[in-house]
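Below is work-v3.cif, holding mmCIF, C-alpha atoms.
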data_final
loop_
_atom_site.label_atom_id
_atom_site.label_comp_id
_atom_site.auth_asym_id
_atom_site.auth_seq_id
_atom_site.Cartn_x
_atom_site.Cartn_y
_atom_site.Cartn_z
CA MET G 486 7.26 -3.23 -33.46
CA GLN G 487 11.04 -2.91 -33.06
CA PHE G 488 10.71 -3.82 -29.36
CA LEU G 489 8.74 -7.00 -30.21
CA SER G 490 11.34 -8.00 -32.79
CA LEU G 491 14.12 -7.58 -30.24
CA VAL G 492 12.14 -9.64 -27.74
CA MET G 493 11.78 -12.49 -30.23
CA ALA G 494 15.49 -12.48 -31.15
CA ALA G 495 16.61 -12.33 -27.53
CA ALA G 496 14.25 -15.12 -26.51
CA PHE G 497 15.83 -17.60 -28.89
CA ALA G 498 19.34 -16.44 -27.96
CA GLY G 499 18.74 -16.89 -24.23
CA CYS G 500 16.95 -20.26 -24.18
CA ALA G 501 19.85 -22.66 -23.95
CA ALA G 502 21.17 -21.55 -20.58
CA ALA G 503 17.86 -21.19 -18.76
CA PRO G 504 17.37 -23.52 -15.75
CA THR G 505 14.50 -25.95 -15.28
CA GLN G 506 11.36 -24.26 -13.97
CA SER G 507 8.87 -25.51 -11.36
CA TYR G 508 5.92 -25.59 -13.78
CA PRO G 509 5.09 -27.28 -17.13
CA ALA G 510 7.42 -26.57 -20.05
CA LYS G 511 4.67 -26.35 -22.65
CA PRO G 512 2.82 -23.00 -22.74
CA GLU G 513 -0.49 -24.78 -23.40
CA ALA G 514 -0.08 -26.84 -20.22
CA ARG G 515 0.64 -23.70 -18.22
CA LEU G 516 -2.50 -22.00 -19.51
CA ALA G 517 -4.54 -25.13 -18.74
CA LEU G 518 -3.32 -24.97 -15.13
CA TYR G 519 -4.08 -21.26 -15.00
CA ALA G 520 -7.64 -21.89 -16.23
CA ARG G 521 -8.26 -23.96 -13.07
CA THR G 522 -6.75 -21.36 -10.72
CA LYS G 523 -8.85 -19.83 -7.96
CA ALA G 524 -8.26 -16.64 -5.98
CA CYS G 525 -6.57 -17.12 -2.62
CA CYS G 526 -7.91 -14.13 -0.70
CA ASP G 527 -10.48 -11.37 -0.62
CA ASP G 528 -7.91 -8.57 -0.29
CA PRO G 529 -4.12 -8.07 -0.07
CA SER G 530 -4.14 -8.08 3.74
CA GLY G 531 -4.29 -11.88 3.45
CA PHE G 532 -1.11 -12.14 1.36
CA SER G 533 2.15 -13.58 2.67
CA PHE G 534 5.01 -11.14 2.04
CA LEU G 535 8.66 -12.09 1.52
CA PRO G 536 10.99 -9.40 2.95
CA LEU G 537 13.37 -7.75 0.49
CA PRO G 538 16.94 -6.76 1.41
CA ALA G 539 17.91 -3.11 1.86
CA HIS G 540 20.55 -3.63 -0.84
CA GLY G 541 20.87 -6.60 -3.20
CA PHE G 542 18.46 -8.98 -4.87
CA THR G 543 15.97 -11.75 -4.21
CA ASP G 544 15.00 -14.48 -6.67
CA ALA G 545 11.45 -15.80 -6.73
CA VAL G 546 9.30 -18.06 -8.87
CA VAL G 547 5.67 -17.50 -9.75
CA SER G 548 4.67 -21.15 -10.12
CA ARG G 549 1.73 -23.54 -10.04
CA ALA G 550 2.00 -23.42 -6.24
CA SER G 551 1.82 -19.61 -6.06
CA PRO G 552 -1.32 -17.89 -4.78
CA ALA G 553 -3.56 -16.03 -7.24
CA PHE G 554 -5.70 -12.95 -6.80
CA GLU G 555 -8.53 -11.28 -8.68
CA PHE G 556 -6.82 -7.99 -9.56
CA HIS G 557 -8.67 -5.22 -11.39
CA SER G 558 -6.91 -6.48 -14.54
CA GLY G 559 -8.15 -10.03 -13.88
CA LEU G 560 -7.03 -13.22 -12.13
CA SER G 561 -3.27 -13.70 -11.90
CA PRO G 562 -0.77 -15.75 -9.91
CA PHE G 563 1.51 -13.36 -8.06
CA ALA G 564 4.54 -12.85 -5.83
CA ALA G 565 4.34 -10.47 -2.85
CA PHE G 566 7.20 -8.76 -1.05
CA GLU G 567 7.74 -6.42 1.89
CA LEU G 568 9.86 -3.43 0.90
CA PRO G 569 12.88 -2.54 3.06
CA LYS G 570 12.43 0.03 5.82
CA ALA G 571 14.62 2.62 4.09
CA SER G 572 14.98 6.29 4.96
CA THR G 573 16.70 7.31 1.72
CA PRO G 574 15.62 6.91 -1.96
CA TYR G 575 16.33 3.67 -3.79
CA ARG G 576 15.60 2.04 -7.14
CA LEU G 577 13.46 -1.08 -7.42
CA ARG G 578 14.02 -3.35 -10.43
CA VAL G 579 11.84 -6.32 -11.35
CA LYS G 580 13.04 -8.71 -14.03
CA SER G 581 11.23 -11.72 -15.51
CA SER G 582 13.43 -14.20 -17.39
CA PHE G 583 12.47 -15.93 -20.62
CA ASP G 584 11.55 -19.61 -20.22
CA PRO G 585 12.25 -22.24 -22.87
CA GLY G 586 9.68 -24.87 -23.72
CA ARG G 587 9.94 -27.88 -25.94
CA ASN G 588 10.61 -27.38 -29.64
CA GLY G 589 11.57 -23.74 -29.13
CA GLU G 590 8.25 -22.79 -27.49
CA THR G 591 9.67 -19.88 -25.52
CA SER G 592 7.33 -17.90 -23.28
CA VAL G 593 7.62 -15.22 -20.61
CA PHE G 594 5.74 -13.90 -17.58
CA TYR G 595 4.96 -10.27 -18.47
CA PRO G 596 5.39 -8.55 -15.07
CA VAL G 597 3.45 -5.55 -13.84
CA ILE G 598 3.78 -4.25 -10.30
CA ALA G 599 1.71 -2.55 -7.63
CA LEU G 600 3.18 -0.63 -4.68
CA LEU G 601 0.96 -0.65 -1.58
CA ASP G 602 1.10 1.34 1.63
CA ASP G 603 0.87 -0.15 5.14
CA THR G 604 -2.94 -0.21 4.91
CA PHE G 605 -2.75 -2.14 1.61
CA ILE G 606 -3.94 0.81 -0.48
CA VAL G 607 -2.42 0.91 -3.99
CA LEU G 608 -0.07 3.87 -4.40
CA ARG G 609 1.31 3.14 -7.85
CA MET G 610 1.00 0.59 -10.65
CA SER G 611 3.06 -0.15 -13.74
CA GLY G 612 1.85 -1.34 -17.14
CA LEU G 613 3.09 -3.51 -19.98
CA ASP G 614 4.33 -0.35 -21.67
CA ASN G 615 6.87 0.09 -18.85
CA LEU G 616 8.69 -3.15 -19.69
CA ARG G 617 12.08 -3.08 -21.37
CA LEU G 618 14.08 -5.90 -22.93
CA GLU G 619 17.19 -6.71 -20.88
CA PRO G 620 19.72 -8.88 -22.77
CA ALA G 621 21.62 -11.62 -20.96
CA LEU G 622 24.88 -9.70 -21.38
CA ALA G 623 23.49 -6.72 -19.44
CA THR G 624 24.62 -8.31 -16.15
CA PRO G 625 27.35 -10.90 -15.43
CA GLY G 626 25.85 -14.39 -15.49
CA GLY G 627 22.47 -12.91 -16.32
CA GLU G 628 19.61 -14.14 -18.45
CA THR G 629 17.56 -12.42 -21.09
CA GLY G 630 14.27 -11.09 -19.79
CA LEU G 631 11.79 -8.24 -19.47
CA ALA G 632 12.49 -5.68 -16.76
CA LEU G 633 11.18 -2.47 -15.29
CA THR G 634 12.78 -0.08 -12.82
CA VAL G 635 10.96 2.38 -10.57
CA PRO G 636 12.33 4.96 -8.11
CA VAL G 637 11.06 4.82 -4.53
CA ASP G 638 11.45 7.79 -2.19
CA PRO G 639 10.33 7.07 1.40
CA ALA G 640 10.04 10.83 2.02
CA MET G 641 7.43 11.16 -0.72
CA GLU G 642 5.32 8.01 -0.27
CA ASN G 643 4.79 5.32 2.34
CA ALA G 644 5.33 2.30 0.08
CA ARG G 645 5.51 -0.85 2.20
CA TYR G 646 4.62 -3.72 -0.13
CA LEU G 647 5.36 -4.86 -3.69
CA ILE G 648 3.05 -7.15 -5.69
CA VAL G 649 4.24 -8.65 -9.00
CA PHE G 650 1.55 -10.12 -11.27
CA THR G 651 0.51 -10.18 -14.94
CA PRO G 652 -2.61 -8.76 -16.65
CA ALA G 653 -5.16 -11.51 -17.37
CA ALA G 654 -5.69 -9.97 -20.82
CA VAL G 655 -2.32 -11.31 -22.00
CA LEU G 656 -3.37 -14.80 -20.89
CA GLY G 657 -6.60 -14.64 -22.86
CA ALA G 658 -8.75 -14.13 -19.77
CA ALA G 659 -9.52 -10.41 -19.73
CA PRO G 660 -12.10 -9.40 -17.11
CA GLU G 661 -15.38 -7.75 -17.96
CA ARG G 662 -15.00 -3.97 -18.00
CA ARG G 663 -16.03 -2.42 -14.72
CA GLU G 664 -15.80 0.86 -12.86
CA GLY G 665 -12.21 1.54 -11.78
CA ASP G 666 -10.75 -1.00 -14.22
CA LEU G 667 -6.97 -0.70 -14.26
CA LEU G 668 -6.27 -2.15 -17.69
CA THR G 669 -3.51 -0.02 -19.17
CA PRO G 670 -3.48 1.28 -22.76
CA ALA G 671 -0.87 -1.37 -23.56
CA ALA G 672 -3.11 -4.15 -22.24
CA LEU G 673 -6.06 -2.80 -24.22
CA ALA G 674 -3.88 -2.70 -27.33
CA TRP G 675 -3.00 -6.34 -26.65
CA LEU G 676 -6.70 -7.20 -26.63
CA GLU G 677 -7.17 -5.44 -29.97
CA ARG G 678 -4.34 -7.53 -31.41
CA ARG G 679 -5.96 -10.65 -29.89
CA GLY G 680 -2.83 -11.50 -27.96
CA ASP G 681 -0.57 -11.56 -31.01
CA ALA G 682 2.83 -11.07 -29.31
CA ALA G 683 6.41 -11.82 -30.27
CA VAL G 684 6.77 -14.20 -27.32
CA PRO G 685 3.69 -15.94 -25.84
CA ALA G 686 2.64 -14.90 -22.35
CA SER G 687 2.94 -17.32 -19.45
CA PRO G 688 1.04 -17.25 -16.13
CA TYR G 689 4.26 -18.42 -14.44
CA GLY G 690 7.84 -17.23 -14.49
CA ARG G 691 11.17 -16.65 -12.76
CA LEU G 692 11.72 -13.24 -11.15
CA ARG G 693 14.64 -11.29 -9.76
CA ILE G 694 13.83 -8.31 -7.52
CA THR G 695 16.75 -5.92 -7.01
CA ILE G 696 17.04 -3.03 -4.55
CA ALA G 697 19.76 -0.44 -5.21
CA PRO G 698 20.23 2.73 -3.11
CA GLU G 699 19.80 5.90 -5.15
CA GLN G 700 23.08 7.72 -5.60
CA PRO G 701 22.85 11.25 -4.17
CA ALA G 702 22.92 13.99 -6.82
CA ALA G 703 26.09 15.53 -5.34
CA GLU G 704 27.92 12.19 -5.53
CA ALA G 705 26.63 11.48 -9.03
CA ALA G 706 27.95 14.84 -10.23
CA HIS G 707 31.47 13.96 -9.03
CA THR G 708 31.43 10.39 -10.34
CA PRO G 709 33.90 10.13 -13.26
#
Conversion result in C-alpha coordinates:
Amino acid sequence: MQFLSLVMAAAFAGCAAAPTQSYPAKPEARLALYARTKACCDDPSGFSFLPLPAHGFTDAVVSRASPAFEFHSGLSPFAAFELPKASTPYRLRVKSSFDPGRNGETSVFYPVIALLDDTFIVLRMSGLDNLRLEPALATPGGETGLALTVPVDPAMENARYLIVFTPAAVLGAAPERREGDLLTPAALAWLERRGDAAVPASPYGRLRITIAPEQPAAEAAHTP
(Lines of atoms letter the chains of each structure in order from A and count residues from 1; the text may use other names and numbers.)
(Lines give C-alpha, C1' and ligand atoms only; values in the text may rest on other atoms or scores of the structure.)
Protein backbone atom coordinates (compact mmCIF):
# COMPACT_ATOMS: atom_id res chain seq x y z
CA MET A 1 0.00 0.00 0.00
CA GLN A 2 2.87 2.39 0.78
CA PHE A 3 4.36 1.69 -2.67
CA LEU A 4 1.05 2.55 -4.40
CA SER A 5 0.78 5.78 -2.41
CA LEU A 6 4.29 6.78 -3.45
CA VAL A 7 3.45 5.98 -7.07
CA MET A 8 0.40 8.23 -6.96
CA ALA A 9 2.31 11.14 -5.38
CA ALA A 10 5.22 10.84 -7.79
CA ALA A 11 2.92 10.63 -10.80
CA PHE A 12 1.38 14.03 -10.10
CA ALA A 13 4.79 15.53 -9.30
CA GLY A 14 6.34 14.34 -12.55
CA CYS A 15 3.58 15.19 -15.04
CA ALA A 16 4.46 18.74 -15.97
CA ALA A 17 7.83 18.03 -17.57
CA ALA A 18 6.88 14.91 -19.52
CA PRO A 19 7.18 15.21 -23.34
CA THR A 20 4.40 14.57 -25.83
CA GLN A 21 3.91 10.88 -26.56
CA SER A 22 3.18 9.15 -29.88
CA TYR A 23 -0.20 7.77 -28.78
CA PRO A 24 -3.50 9.21 -27.43
CA ALA A 25 -3.32 11.24 -24.23
CA LYS A 26 -6.54 9.87 -22.76
CA PRO A 27 -6.19 6.43 -21.10
CA GLU A 28 -9.61 5.39 -22.45
CA ALA A 29 -8.48 6.10 -26.03
CA ARG A 30 -5.34 4.05 -25.49
CA LEU A 31 -7.34 1.08 -24.23
CA ALA A 32 -9.73 1.40 -27.18
CA LEU A 33 -6.76 1.15 -29.55
CA TYR A 34 -5.41 -1.80 -27.60
CA ALA A 35 -8.76 -3.60 -27.88
CA ARG A 36 -8.33 -3.61 -31.68
CA THR A 37 -4.72 -4.85 -31.56
CA LYS A 38 -3.76 -8.12 -33.25
CA ALA A 39 -0.70 -10.29 -32.70
CA CYS A 40 2.14 -9.72 -35.15
CA CYS A 41 3.80 -13.13 -35.14
CA ASP A 42 3.48 -16.76 -34.15
CA ASP A 43 6.71 -16.80 -32.12
CA PRO A 44 9.57 -14.46 -31.09
CA SER A 45 11.77 -15.55 -34.01
CA GLY A 46 9.67 -13.15 -36.11
CA PHE A 47 10.43 -10.12 -33.92
CA SER A 48 12.64 -7.23 -35.02
CA PHE A 49 15.33 -6.57 -32.40
CA LEU A 50 16.97 -3.20 -31.71
CA PRO A 51 20.62 -3.65 -30.64
CA LEU A 52 21.55 -2.32 -27.20
CA PRO A 53 24.90 -0.64 -26.48
CA ALA A 54 27.56 -2.41 -24.40
CA HIS A 55 27.48 0.57 -22.03
CA GLY A 56 24.89 3.36 -21.93
CA PHE A 57 21.19 3.63 -22.66
CA THR A 58 18.61 3.43 -25.41
CA ASP A 59 15.23 5.18 -25.40
CA ALA A 60 12.23 3.49 -26.98
CA VAL A 61 8.49 4.00 -27.22
CA VAL A 62 5.86 1.29 -27.06
CA SER A 63 3.23 3.01 -29.20
CA ARG A 64 0.20 2.42 -31.39
CA ALA A 65 2.64 1.46 -34.16
CA SER A 66 4.46 -1.15 -32.05
CA PRO A 67 3.96 -4.86 -32.73
CA ALA A 68 1.96 -6.96 -30.27
CA PHE A 69 2.28 -10.58 -29.25
CA GLU A 70 0.14 -13.15 -27.48
CA PHE A 71 2.33 -13.78 -24.44
CA HIS A 72 1.38 -16.35 -21.80
CA SER A 73 0.10 -13.40 -19.74
CA GLY A 74 -2.03 -12.21 -22.67
CA LEU A 75 -1.81 -9.86 -25.65
CA SER A 76 0.56 -6.92 -25.24
CA PRO A 77 2.37 -4.39 -27.41
CA PHE A 78 6.10 -4.80 -26.84
CA ALA A 79 9.63 -3.60 -27.53
CA ALA A 80 12.37 -6.10 -28.42
CA PHE A 81 16.11 -5.65 -28.09
CA GLU A 82 19.30 -7.59 -28.81
CA LEU A 83 21.55 -7.70 -25.76
CA PRO A 84 25.23 -6.71 -26.15
CA LYS A 85 27.77 -9.46 -26.83
CA ALA A 86 29.45 -9.06 -23.44
CA SER A 87 31.95 -11.39 -21.81
CA THR A 88 31.69 -9.90 -18.31
CA PRO A 89 28.65 -9.37 -16.00
CA TYR A 90 26.50 -6.28 -16.38
CA ARG A 91 23.29 -4.82 -14.98
CA LEU A 92 20.22 -4.28 -17.14
CA ARG A 93 17.75 -1.58 -16.07
CA VAL A 94 14.36 -0.98 -17.66
CA LYS A 95 12.45 2.16 -16.77
CA SER A 96 8.95 3.20 -17.88
CA SER A 97 8.11 6.89 -17.41
CA PHE A 98 4.78 8.23 -16.21
CA ASP A 99 2.64 9.80 -18.94
CA PRO A 100 0.30 12.73 -18.33
CA GLY A 101 -3.15 12.81 -19.87
CA ARG A 102 -5.72 15.55 -19.92
CA ASN A 103 -7.18 16.75 -16.63
CA GLY A 104 -4.50 14.97 -14.62
CA GLU A 105 -5.28 11.52 -16.08
CA THR A 106 -1.81 10.12 -15.50
CA SER A 107 -1.09 6.55 -16.57
CA VAL A 108 1.94 4.29 -16.93
CA PHE A 109 3.10 1.25 -18.90
CA TYR A 110 3.81 -1.38 -16.22
CA PRO A 111 6.88 -3.12 -17.68
CA VAL A 112 7.77 -6.78 -17.28
CA ILE A 113 10.66 -8.37 -19.12
CA ALA A 114 11.67 -11.69 -20.63
CA LEU A 115 15.27 -12.70 -21.38
CA LEU A 116 15.60 -15.15 -24.28
CA ASP A 117 18.51 -17.23 -25.51
CA ASP A 118 19.68 -17.43 -29.14
CA THR A 119 17.02 -20.05 -29.90
CA PHE A 120 14.30 -17.75 -28.49
CA ILE A 121 13.72 -19.89 -25.40
CA VAL A 122 12.72 -17.88 -22.30
CA LEU A 123 15.46 -17.98 -19.66
CA ARG A 124 14.01 -15.55 -17.14
CA MET A 125 10.96 -13.35 -16.60
CA SER A 126 10.17 -10.54 -14.20
CA GLY A 127 6.83 -9.68 -12.60
CA LEU A 128 4.95 -6.60 -11.44
CA ASP A 129 6.30 -7.26 -7.96
CA ASN A 130 9.82 -6.52 -9.25
CA LEU A 131 8.97 -2.91 -10.13
CA ARG A 132 10.26 -0.05 -8.01
CA LEU A 133 9.32 3.62 -8.04
CA GLU A 134 12.16 5.79 -9.36
CA PRO A 135 11.69 9.51 -8.62
CA ALA A 136 12.66 12.11 -11.20
CA LEU A 137 15.49 13.33 -8.97
CA ALA A 138 17.14 9.89 -8.98
CA THR A 139 19.02 10.79 -12.19
CA PRO A 140 19.99 14.20 -13.65
CA GLY A 141 17.29 15.37 -16.06
CA GLY A 142 15.30 12.24 -15.33
CA GLU A 143 11.59 11.57 -15.12
CA THR A 144 9.54 9.75 -12.54
CA GLY A 145 8.77 6.18 -13.51
CA LEU A 146 8.69 2.50 -12.63
CA ALA A 147 11.95 0.60 -13.00
CA LEU A 148 13.49 -2.80 -12.50
CA THR A 149 17.12 -3.89 -12.58
CA VAL A 150 18.41 -7.40 -13.24
CA PRO A 151 21.98 -8.75 -13.25
CA VAL A 152 23.16 -10.58 -16.36
CA ASP A 153 26.20 -12.86 -16.28
CA PRO A 154 27.20 -14.22 -19.72
CA ALA A 155 29.17 -16.99 -18.00
CA MET A 156 26.02 -18.30 -16.32
CA GLU A 157 23.39 -17.92 -19.05
CA ASN A 158 23.26 -17.32 -22.79
CA ALA A 159 20.86 -14.37 -22.75
CA ARG A 160 20.69 -12.83 -26.23
CA TYR A 161 17.38 -10.97 -26.38
CA LEU A 162 15.25 -8.72 -24.16
CA ILE A 163 11.47 -8.34 -24.56
CA VAL A 164 9.61 -5.60 -22.65
CA PHE A 165 5.82 -5.94 -22.43
CA THR A 166 2.97 -5.61 -19.92
CA PRO A 167 0.61 -8.27 -18.49
CA ALA A 168 -2.80 -8.14 -20.19
CA ALA A 169 -4.41 -8.52 -16.75
CA VAL A 170 -3.53 -4.93 -15.86
CA LEU A 171 -5.25 -3.77 -19.06
CA GLY A 172 -8.44 -5.62 -18.21
CA ALA A 173 -7.82 -8.35 -20.77
CA ALA A 174 -6.51 -11.29 -18.75
CA PRO A 175 -6.21 -14.52 -20.75
CA GLU A 176 -8.06 -17.68 -19.88
CA ARG A 177 -6.02 -19.82 -17.49
CA ARG A 178 -4.05 -22.47 -19.31
CA GLU A 179 -1.24 -24.92 -18.71
CA GLY A 180 2.07 -23.10 -18.28
CA ASP A 181 0.40 -19.74 -17.60
CA LEU A 182 3.00 -17.21 -16.49
CA LEU A 183 0.78 -14.82 -14.59
CA THR A 184 2.76 -13.79 -11.52
CA PRO A 185 1.31 -13.59 -7.99
CA ALA A 186 1.30 -9.80 -8.36
CA ALA A 187 -0.75 -9.99 -11.56
CA LEU A 188 -3.19 -12.42 -9.93
CA ALA A 189 -3.52 -10.04 -6.99
CA TRP A 190 -4.29 -7.28 -9.48
CA LEU A 191 -7.12 -9.38 -10.88
CA GLU A 192 -8.52 -9.90 -7.39
CA ARG A 193 -8.50 -6.13 -6.88
CA ARG A 194 -10.19 -5.73 -10.29
CA GLY A 195 -7.42 -3.49 -11.54
CA ASP A 196 -7.73 -0.97 -8.72
CA ALA A 197 -4.27 0.66 -8.92
CA ALA A 198 -2.83 3.98 -7.80
CA VAL A 199 -2.03 4.92 -11.40
CA PRO A 200 -4.03 3.41 -14.30
CA ALA A 201 -2.20 1.01 -16.58
CA SER A 202 -1.48 1.96 -20.18
CA PRO A 203 -0.77 -0.38 -23.13
CA TYR A 204 1.77 2.19 -24.37
CA GLY A 205 4.67 4.01 -22.76
CA ARG A 206 8.14 5.53 -22.95
CA LEU A 207 11.07 3.30 -22.00
CA ARG A 208 14.74 3.75 -21.21
CA ILE A 209 16.93 0.63 -21.32
CA THR A 210 20.30 1.05 -19.58
CA ILE A 211 23.31 -1.28 -19.67
CA ALA A 212 25.96 -0.80 -16.96
CA PRO A 213 29.00 -3.09 -16.55
CA GLU A 214 29.06 -4.84 -13.19
CA GLN A 215 31.83 -3.53 -10.98
CA PRO A 216 34.21 -6.35 -10.01
CA ALA A 217 34.03 -7.31 -6.32
CA ALA A 218 37.72 -6.44 -5.77
CA GLU A 219 37.21 -2.94 -7.21
CA ALA A 220 33.98 -2.43 -5.26
CA ALA A 221 35.77 -3.29 -2.01
CA HIS A 222 38.36 -0.54 -2.64
CA THR A 223 35.85 2.08 -3.79
CA PRO A 224 35.66 4.84 -1.13
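When only C-alpha atoms are used to compute distances to G:Thr591, the closest of the residues G:Asn643, G:Thr543, G:Thr629, G:Ser530 turns out to be G:Thr629.
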Skip G:Ser687 itself and residues of its chain fewer than 2 positions away, then list as number ranges by chain all residues within 12 Å of it, counting all atoms listed in the file.
-> G: 508-520, 547-549, 561-562, 581-586, 590-596, 650-657, 680, 682, 684-685, 689-691
Residues matched by the PyMOL selection byres ((chain G and resi 528) around 10), written as a list in words = Ala524, Cys525, Cys526, Asp527, Pro529, Ser530, Gly531, Phe532, Phe554, Glu555, Phe556 and Phe605 of chain G
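Within the file as shown, the PyMOL selection byres ((chain G and resi 696) around 10) identifies Leu537, Pro538, Ala539, His540, Gly541, Phe542, Thr543, Leu568, Pro569, Tyr575, Arg576, Leu577, Arg578, Val579, Thr634, Pro636, Val637, Ile694, Thr695, Ala697, Pro698 and Glu699 of chain G.
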Please dump the current selection as a PDB file, keeping the file's coordinate frame; keep C-alpha atoms.
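Output file result28.pdb follows:
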ATOM      1  CA  LEU G 537      13.370  -7.750   0.490  1.00  0.00           C
ATOM      2  CA  PRO G 538      16.940  -6.760   1.410  1.00  0.00           C
ATOM      3  CA  ALA G 539      17.910  -3.110   1.860  1.00  0.00           C
ATOM      4  CA  HIS G 540      20.550  -3.630  -0.840  1.00  0.00           C
ATOM      5  CA  GLY G 541      20.870  -6.600  -3.200  1.00  0.00           C
ATOM      6  CA  PHE G 542      18.460  -8.980  -4.870  1.00  0.00           C
ATOM      7  CA  THR G 543      15.970 -11.750  -4.210  1.00  0.00           C
ATOM      8  CA  LEU G 568       9.860  -3.430   0.900  1.00  0.00           C
ATOM      9  CA  PRO G 569      12.880  -2.540   3.060  1.00  0.00           C
ATOM     10  CA  TYR G 575      16.330   3.670  -3.790  1.00  0.00           C
ATOM     11  CA  ARG G 576      15.600   2.040  -7.140  1.00  0.00           C
ATOM     12  CA  LEU G 577      13.460  -1.080  -7.420  1.00  0.00           C
ATOM     13  CA  ARG G 578      14.020  -3.350 -10.430  1.00  0.00           C
ATOM     14  CA  VAL G 579      11.840  -6.320 -11.350  1.00  0.00           C
ATOM     15  CA  THR G 634      12.780  -0.080 -12.820  1.00  0.00           C
ATOM     16  CA  PRO G 636      12.330   4.960  -8.110  1.00  0.00           C
ATOM     17  CA  VAL G 637      11.060   4.820  -4.530  1.00  0.00           C
ATOM     18  CA  ILE G 694      13.830  -8.310  -7.520  1.00  0.00           C
ATOM     19  CA  THR G 695      16.750  -5.920  -7.010  1.00  0.00           C
ATOM     20  CA  ALA G 697      19.760  -0.440  -5.210  1.00  0.00           C
ATOM     21  CA  PRO G 698      20.230   2.730  -3.110  1.00  0.00           C
ATOM     22  CA  GLU G 699      19.800   5.900  -5.150  1.00  0.00           C
TER      23      GLU G 699
END
Figure out the distance between atom CA of G:Ala553 and atom CA of G:Leu601, please, to one decimal in Å.
-> 17.0 Å
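Selection check: the PyMOL selection byres ((chain G and resi 610) around 6) on the shown file gives Ile598, Ala599, Arg609 and Ser611 of chain G.
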Save the residues we just selected, C-alpha atoms, as an mmCIF file, in the coordinates of the input?
data_model
loop_
_atom_site.group_PDB
_atom_site.id
_atom_site.type_symbol
_atom_site.label_atom_id
_atom_site.label_comp_id
_atom_site.auth_asym_id
_atom_site.auth_seq_id
_atom_site.Cartn_x
_atom_site.Cartn_y
_atom_site.Cartn_z
ATOM 1 C CA ILE G 598 3.780 -4.250 -10.300
ATOM 2 C CA ALA G 599 1.710 -2.550 -7.630
ATOM 3 C CA ARG G 609 1.310 3.140 -7.850
ATOM 4 C CA SER G 611 3.060 -0.150 -13.740
#
Report the distance between atom CA of G:Pro536 and atom CA of G:Ser558 in Å, rounded to one decimal place.
-> 25.2 Å
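Atom CA of G:Lys580 sits 20.5 Å away from atom CA of G:Ser533.
Proximity of G:Ala565, G:Leu613, G:Val635, G:Arg645 to G:Val597, computed with only C-alpha atoms, is greatest for G:Leu613.
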Taking all atoms of stretch 629-635 of chain G that the file lists and extending 6 Å past them on each side, where is the centre of the axis-aligned box and how long are its edges? Answer in Å to one decimal, as AutoDock Vina command-line options.
--center_x 14.3 --center_y -5.0 --center_z -15.8 --size_x 18.6 --size_y 26.8 --size_z 22.5
